[in-house]
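The file start-v6.txt comes next; it holds compact mmCIF, C-alpha atoms and all ligand atoms.
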```
# COMPACT_ATOMS: atom_id res chain seq x y z
CA MET B 159 10.82 -8.23 0.34
CA ASP B 160 11.74 -8.18 4.05
CA THR B 161 10.06 -11.42 5.06
CA LEU B 162 7.14 -13.30 3.66
CA ASP B 163 3.97 -12.12 5.37
CA ARG B 164 1.38 -14.87 4.84
CA THR B 165 -1.47 -12.64 6.07
CA THR B 166 -1.37 -10.73 2.80
CA ASP B 167 -1.41 -13.84 0.57
CA LYS B 168 -5.13 -13.58 -0.08
CA TYR B 169 -4.70 -10.15 -1.68
CA VAL B 170 -1.85 -11.38 -3.87
CA THR B 171 -3.92 -14.38 -4.93
CA GLN B 172 -6.91 -12.21 -5.83
CA LEU B 173 -4.72 -9.74 -7.73
CA GLU B 174 -3.15 -12.59 -9.70
CA ARG B 175 -6.43 -14.32 -10.47
CA GLU B 176 -8.87 -11.44 -10.82
CA GLY B 177 -6.62 -8.41 -11.32
CA TRP B 178 -7.97 -6.42 -8.35
CA CYS B 179 -8.58 -6.47 -4.60
CA VAL B 180 -9.53 -4.12 -1.78
CA MET B 181 -7.37 -4.00 1.34
CA GLU B 182 -9.32 -2.65 4.31
CA GLY B 183 -7.92 -0.48 7.09
CA VAL B 184 -4.67 0.67 5.52
CA ILE B 185 -5.21 4.16 6.92
CA PRO B 186 -6.32 3.76 10.55
CA ALA B 187 -9.92 4.83 11.25
CA ASP B 188 -8.81 7.57 13.64
CA GLU B 189 -6.48 9.13 11.03
CA VAL B 190 -8.43 8.92 7.80
CA ASP B 191 -10.63 11.97 8.37
CA ALA B 192 -7.64 14.26 8.79
CA VAL B 193 -6.14 12.95 5.54
CA ARG B 194 -9.46 13.34 3.73
CA GLU B 195 -9.81 16.90 4.98
CA GLU B 196 -6.32 17.82 3.82
CA VAL B 197 -6.96 16.30 0.39
CA GLU B 198 -10.33 18.03 -0.02
CA THR B 199 -9.26 21.43 1.27
CA SER B 200 -6.02 21.46 -0.71
CA GLU B 201 -7.57 20.73 -4.09
CA PRO B 202 -8.64 24.37 -4.70
CA SER B 203 -5.09 25.53 -3.81
CA TYR B 204 -3.69 22.97 -6.22
CA LYS B 205 -6.05 24.18 -8.97
CA LYS B 206 -5.07 27.81 -8.32
CA PHE B 207 -1.39 26.84 -8.29
CA SER B 208 -1.88 25.00 -11.58
CA GLU B 209 -3.45 28.06 -13.18
CA GLU B 210 -0.64 30.30 -12.03
CA HIS B 211 2.22 27.89 -12.73
CA ASP B 212 2.87 24.90 -14.89
CA ARG B 213 0.51 22.12 -13.73
CA TRP B 214 3.43 19.72 -13.52
CA SER B 215 5.72 21.93 -11.46
CA LYS B 216 4.73 20.66 -7.99
CA ASN B 217 3.84 17.09 -7.14
CA VAL B 218 0.36 16.81 -5.62
CA ILE B 219 1.71 14.85 -2.66
CA ALA B 220 3.14 18.19 -1.49
CA PHE B 221 -0.46 19.45 -1.15
CA PHE B 222 -1.51 16.57 1.12
CA PRO B 223 1.64 15.29 2.86
CA SER B 224 -0.39 13.57 5.59
CA LEU B 225 -1.08 10.75 3.09
CA ALA B 226 2.64 10.12 2.49
CA PRO B 227 3.40 7.88 5.51
CA HIS B 228 0.53 5.55 4.58
CA LEU B 229 1.83 4.99 1.05
CA SER B 230 4.54 2.74 2.49
CA ASN B 231 2.24 0.90 4.93
CA LYS B 232 3.99 -2.43 5.47
CA ARG B 233 1.01 -4.75 4.92
CA PHE B 234 0.00 -2.87 1.77
CA LEU B 235 3.51 -2.56 0.33
CA ASN B 236 4.05 -6.26 0.95
CA VAL B 237 1.37 -6.96 -1.65
CA VAL B 238 2.68 -4.35 -4.11
CA LYS B 239 6.16 -5.89 -3.84
CA ALA B 240 4.83 -9.41 -4.23
CA MET B 241 3.37 -8.29 -7.57
CA LEU B 242 6.15 -6.01 -8.87
CA GLY B 243 9.33 -7.19 -7.20
CA PRO B 244 11.13 -5.87 -4.13
CA GLN B 245 12.15 -2.47 -5.50
CA VAL B 246 9.28 -0.21 -6.44
CA ARG B 247 8.70 3.47 -7.18
CA ILE B 248 5.64 5.66 -7.41
CA SER B 249 5.07 6.67 -11.00
CA GLN B 250 2.08 8.99 -10.70
CA THR B 251 -0.04 10.62 -7.98
CA GLU B 252 -3.35 12.39 -8.70
CA TYR B 253 -6.45 13.76 -6.98
CA LYS B 254 -9.54 11.63 -7.69
CA ILE B 255 -12.37 13.59 -6.14
CA ARG B 256 -15.72 12.94 -7.79
CA PRO B 257 -18.02 15.89 -7.16
CA PRO B 258 -21.65 15.41 -6.06
CA HIS B 259 -23.98 14.47 -8.94
CA TYR B 260 -21.05 13.43 -11.13
CA GLU B 261 -22.49 12.06 -14.36
CA LEU B 262 -19.81 10.46 -16.53
CA ASN B 263 -20.90 6.87 -16.35
CA ARG B 264 -18.22 4.75 -18.00
CA ALA B 265 -14.86 5.42 -19.62
CA TYR B 266 -13.16 2.04 -19.56
CA HIS B 267 -9.38 1.89 -19.88
CA SER B 268 -6.24 0.30 -18.51
CA ASP B 269 -3.62 2.38 -16.72
CA PHE B 270 -0.03 3.36 -17.39
CA PRO B 271 1.85 1.69 -19.05
CA HIS B 272 -1.17 -0.03 -20.64
CA ASP B 273 -3.34 3.02 -21.38
CA LEU B 274 -3.52 2.93 -25.16
CA LYS B 275 -4.59 6.59 -25.33
CA GLN B 276 -1.39 7.79 -23.70
CA PRO B 277 1.72 8.16 -25.84
CA TRP B 278 3.84 6.19 -23.33
CA HIS B 279 2.25 2.75 -23.49
CA VAL B 280 3.33 -0.76 -24.31
CA ASN B 281 1.67 -2.18 -27.40
CA GLN B 282 -0.77 -5.04 -27.70
CA PRO B 283 -0.37 -7.91 -27.22
CA PHE B 284 0.64 -6.85 -23.71
CA PRO B 285 3.54 -8.73 -22.13
CA LYS B 286 2.37 -11.43 -19.72
CA ALA B 287 3.83 -9.56 -16.76
CA VAL B 288 2.64 -7.14 -14.12
CA LEU B 289 4.05 -3.71 -15.03
CA GLY B 290 2.07 -1.51 -12.68
CA ILE B 291 -0.22 -1.49 -9.68
CA THR B 292 -2.81 1.28 -9.59
CA THR B 293 -4.06 2.08 -6.11
CA LEU B 294 -7.09 4.17 -5.21
CA TRP B 295 -6.95 5.42 -1.62
CA MET B 296 -10.51 5.64 -0.36
CA LEU B 297 -10.77 8.69 1.88
CA THR B 298 -14.56 8.50 1.93
CA PRO B 299 -16.31 5.14 1.68
CA PHE B 300 -16.66 3.82 -1.90
CA THR B 301 -20.21 2.60 -2.50
CA THR B 302 -22.42 1.75 -5.46
CA GLU B 303 -24.22 5.04 -4.78
CA ASN B 304 -21.26 7.41 -4.73
CA GLY B 305 -19.05 6.35 -7.61
CA GLY B 306 -17.16 3.26 -6.47
CA THR B 307 -14.79 2.43 -9.35
CA TRP B 308 -16.05 -0.02 -12.01
CA VAL B 309 -13.76 -2.99 -12.61
CA VAL B 310 -14.12 -6.00 -14.87
CA PRO B 311 -12.51 -8.92 -13.00
CA GLY B 312 -10.16 -11.09 -15.02
CA THR B 313 -9.61 -8.62 -17.85
CA HIS B 314 -5.97 -8.07 -16.84
CA ALA B 315 -5.33 -11.32 -18.71
CA SER B 316 -7.37 -10.44 -21.80
CA PRO B 317 -5.67 -9.94 -25.17
CA LYS B 318 -8.26 -7.23 -25.89
CA ASN B 319 -8.61 -3.73 -24.50
CA PRO B 320 -11.47 -1.18 -24.35
CA ARG B 321 -9.14 1.29 -26.08
CA GLY B 322 -7.75 -1.26 -28.52
CA GLU B 323 -8.43 0.05 -32.05
CA ASN B 324 -9.42 -3.33 -33.44
CA ASP B 325 -11.04 -4.83 -30.37
CA GLY B 326 -14.60 -3.60 -30.97
CA ILE B 327 -15.29 -2.60 -27.37
CA ASP B 328 -17.27 0.54 -26.54
CA GLU B 329 -15.28 2.13 -23.72
CA PHE B 330 -18.29 4.25 -22.72
CA ALA B 331 -20.75 1.35 -22.32
CA PRO B 332 -21.32 -1.18 -19.52
CA ILE B 333 -19.29 -4.39 -19.89
CA PRO B 334 -20.63 -7.85 -18.90
CA GLY B 335 -19.14 -8.99 -15.59
CA GLU B 336 -18.40 -5.45 -14.38
CA LEU B 337 -18.74 -4.63 -10.70
CA GLN B 338 -18.14 -1.63 -8.48
CA ALA B 339 -15.30 -1.74 -5.97
CA THR B 340 -16.55 -0.74 -2.55
CA GLY B 341 -14.90 -0.26 0.83
CA ASN B 342 -14.71 1.82 3.98
CA ALA B 343 -12.71 5.01 4.21
CA GLY B 344 -9.09 4.02 4.80
CA SER B 345 -9.27 1.06 2.38
CA VAL B 346 -7.23 0.81 -0.79
CA LEU B 347 -8.40 -0.52 -4.14
CA MET B 348 -5.42 -2.25 -5.75
CA MET B 349 -5.48 -3.11 -9.46
CA ASP B 350 -3.14 -4.70 -11.95
CA SER B 351 -2.67 -1.78 -14.36
CA ARG B 352 -3.97 -3.93 -17.24
CA ILE B 353 -7.43 -4.43 -15.72
CA TRP B 354 -10.30 -2.69 -17.48
CA HIS B 355 -11.67 -0.10 -15.08
CA SER B 356 -13.64 3.11 -15.15
CA ASN B 357 -14.88 5.95 -13.01
CA ALA B 358 -18.56 5.74 -12.11
CA ALA B 359 -21.45 8.16 -11.90
CA SER B 360 -22.21 9.49 -8.44
CA PRO B 361 -25.73 10.67 -7.70
CA SER B 362 -24.58 11.34 -4.13
CA GLU B 363 -24.90 14.72 -2.40
CA LYS B 364 -21.32 14.49 -1.13
CA PRO B 365 -17.98 14.21 -2.91
CA ARG B 366 -16.34 10.82 -3.27
CA THR B 367 -12.81 11.56 -2.24
CA ALA B 368 -9.80 9.50 -3.27
CA VAL B 369 -6.22 9.78 -4.42
CA VAL B 370 -4.74 7.57 -7.10
CA VAL B 371 -1.16 6.41 -6.60
CA ARG B 372 0.45 4.22 -9.24
CA TYR B 373 3.37 1.95 -8.36
CA ALA B 374 5.94 0.67 -10.85
CA PRO B 375 8.88 -1.73 -10.75
CA TRP B 376 12.22 0.11 -10.37
CA TRP B 377 13.26 -0.63 -13.93
CA LEU B 378 10.23 0.87 -15.71
CA ASN B 379 10.87 4.17 -17.47
CA LEU B 380 9.02 6.95 -15.58
CA GLU B 381 9.95 9.86 -17.80
CA PHE B 382 6.76 11.17 -19.38
CA PHE B 383 8.32 14.19 -21.06
CA GLY B 384 7.32 16.37 -18.12
CA VAL B 385 3.72 15.22 -17.81
CA ASN B 386 2.81 13.74 -14.42
CA GLN B 387 6.37 13.80 -13.14
CA ALA B 388 6.10 16.92 -11.02
CA PRO B 389 8.83 17.27 -8.41
CA ILE B 390 8.39 17.30 -4.65
CA PRO B 391 9.96 20.26 -2.82
CA ALA B 392 12.94 18.98 -0.80
CA ASP B 393 11.63 20.34 2.52
CA VAL B 394 8.40 18.35 2.09
CA PHE B 395 10.24 15.19 1.02
CA ASP B 396 12.67 15.41 3.94
CA ILE B 397 9.90 14.84 6.49
CA PHE B 398 8.56 11.68 4.79
CA PRO B 399 9.27 8.37 6.58
CA GLU B 400 12.26 6.50 5.14
CA GLU B 401 10.12 3.85 3.42
CA THR B 402 8.08 6.52 1.63
CA LYS B 403 11.27 8.34 0.61
CA LEU B 404 12.30 5.21 -1.31
CA LEU B 405 9.11 5.47 -3.35
CA TYR B 406 9.51 9.15 -4.26
CA ASP B 407 13.29 9.63 -4.26
CA HIS B 408 13.33 10.02 -8.06
CA ARG B 409 11.02 13.05 -7.82
CA VAL B 410 12.81 15.36 -5.37
CA GLU B 411 13.13 18.92 -6.65
CA GLY B 412 16.63 19.99 -7.64
CA ARG B 413 18.29 16.89 -6.23
CA GLU B 414 19.87 13.88 -7.85
CA SER B 415 18.40 10.63 -6.58
CA LYS B 416 20.30 9.49 -3.51
CA ILE B 417 18.89 6.00 -3.48
CA TRP B 418 18.56 5.01 -7.10
CA ALA B 419 21.56 6.78 -8.65
O1 LIG K 1 -11.82 7.58 -9.79
C1 LIG K 1 -12.10 6.42 -10.13
O2 LIG K 1 -13.02 5.79 -9.62
C2 LIG K 1 -11.32 5.75 -11.22
C3 LIG K 1 -10.04 6.44 -11.56
C4 LIG K 1 -9.36 5.88 -12.76
O3 LIG K 1 -9.94 5.26 -13.59
C5 LIG K 1 -7.93 6.10 -12.91
O4 LIG K 1 -7.33 6.86 -12.15
O5 LIG K 1 -7.34 5.50 -13.83
```
Structure encoded using structure tokens:
Amino acid sequence: MDTLDRTTDKYVTQLEREGWCVMEGVIPADEVDAVREEVETSEPSYKKFSEEHDRWSKNVIAFFPSLAPHLSNKRFLNVVKAMLGPQVRISQTEYKIRPPHYELNRAYHSDFPHDLKQPWHVNQPFPKAVLGITTLWMLTPFTTENGGTWVVPGTHASPKNPRGENDGIDEFAPIPGELQATGNAGSVLMMDSRIWHSNAASPSEKPRTAVVVRYAPWWLNLEFFGVNQAPIPADVFDIFPEETKLLYDHRVEGRESKIWA
């Protein structure tokens, strides 16, 4: 880490104790609408592209490059690095747009590398270490009315898991202690990848727009046999700020990593 920034201590403390936090104002208020618009308007092109090509042949960040500079926001990355160590990479990037009247109510899980339904997971009992930080970039406000993500504070430290075969938890049912993460557009929900979390129903008339970006320590294997490791075209990557390049350098199309190799 460059220098210790004490102003971000409260987020680190909450992440350590509760497994989640919301950092407000990571994307400035006067920029967030343009990012949201690019994310929303590009999703149909991404879907069309996915139908015509292999879904994993172009990284989604290439469809909304205006988000890229924010992914290395200093205050935000300070917290990620406090949790994962000074050298981090982005493992996965995905659209998370909940359409109006979205109905799936609960589907509790932990995230890579703790998602027990994915082939590439660590087994229970999970190591007592932070192996991933999942971040949800709120491009519209997250509220209890429009599908703010459900989280169950403290469960990052639980030996059980909603998808644990012998743990007797119904992943599709409410869980005592659950709450919905809320925040203004431009905020980021940050979660220890072990925390039990779920998408939420949205009775709202408008989409709830977000992007999920998962961060990993440099040493974690990010080869998912092609799945969710789509490359970024070099001309898109080349215009990213240097700090964002560090995060995505392992995903540049047709190029050996310059930084990590
Ligand atoms: O979209 C959400 O609110 C939750 C997304 C989620 O659970 C995930 O990406 O793992």
Kindly provide, as lines of an AutoDock Vina configuration file, the centre and edge lengths (Å, one decimal) of an axis-aligned box around all atoms of ligand LIG 1 (chain K) given in the file, with 3 Å on each side.
```
center_x = -10.2
center_y = 6.4
center_z = -11.7
size_x = 11.7
size_y = 8.3
size_z = 10.2
```
Name the residues in contact with range 345-356 of chain B at a cut-off of 7 Å, using all atoms listed in the file, excluding same-chain residues fewer than 2 positions from it; report them as a VMD selection string.
-> chain B and resid 173 177 to 185 264 to 270 272 288 290 to 296 307 to 310 313 to 314 341 to 343 358
Which of these residues is nearest to Thr251 in chain B, using only C-alpha atoms: B:Ala392, B:Thr171, B:Gly322, B:Ile219?
-> B:Ile219
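Shortest separation to Arg233 in chain B among B:Arg164, B:Lys364, B:Lys206, B:Lys275 occurs at residue B:Arg164, atoms counted being all atoms listed in the file.
Proximity to ligand LIG 1 (chain K) was assessed for B:Arg321, B:Lys286, B:His259, B:Arg372 counting all atoms listed in the file; the smallest distance is recorded for B:Arg372.
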Which neighbours of Val218 in chain B fall inside 9 Å, counting all atoms listed in the file, when residues of the same chain fewer than 2 positions from it are skipped, and could you give them as a list of chain:residue names?
->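 Here the qualifying residues turn out to be B:Glu201, B:Tyr204, B:Trp214, B:Lys216, B:Ala220, B:Phe221, B:Phe222, B:Pro223, B:Thr251, B:Glu252, B:Tyr253, B:Ala388, B:Pro389, B:Ile390.
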Using all atoms listed in the file, which residue out of B:Pro375, B:Gly412, B:Pro365, B:Pro186 lies closest to Gly306 in chain B?
->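 Using all atoms listed in the file, Gly306 in chain B sits closest to B:Pro365.
Comparing the minimum interatomic distances between ligand LIG 1 (chain K) and each of B:Arg413, B:Lys318, B:Lys168, B:Arg256, counting all atoms listed in the file, we find that B:Arg256 sits nearest.
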Between B:Asn379, B:Gln338, B:Ser203, B:Thr165, single out the one closest to ligand LIG 1 (chain K), counting all atoms listed in the file.
->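 Checking each candidate against ligand LIG 1 (chain K), we get B:Gln338 as the closest.
The space between CA of His228 in chain B and CA of Ala240 in chain B spans 17.9 Å.
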Shell around Asn386 in chain B at 9 Å using all atoms listed in the file, local window under 3 positions removed, as a VMD selection string | chain B and resid 213 to 214 217 249 to 252 381 to 383
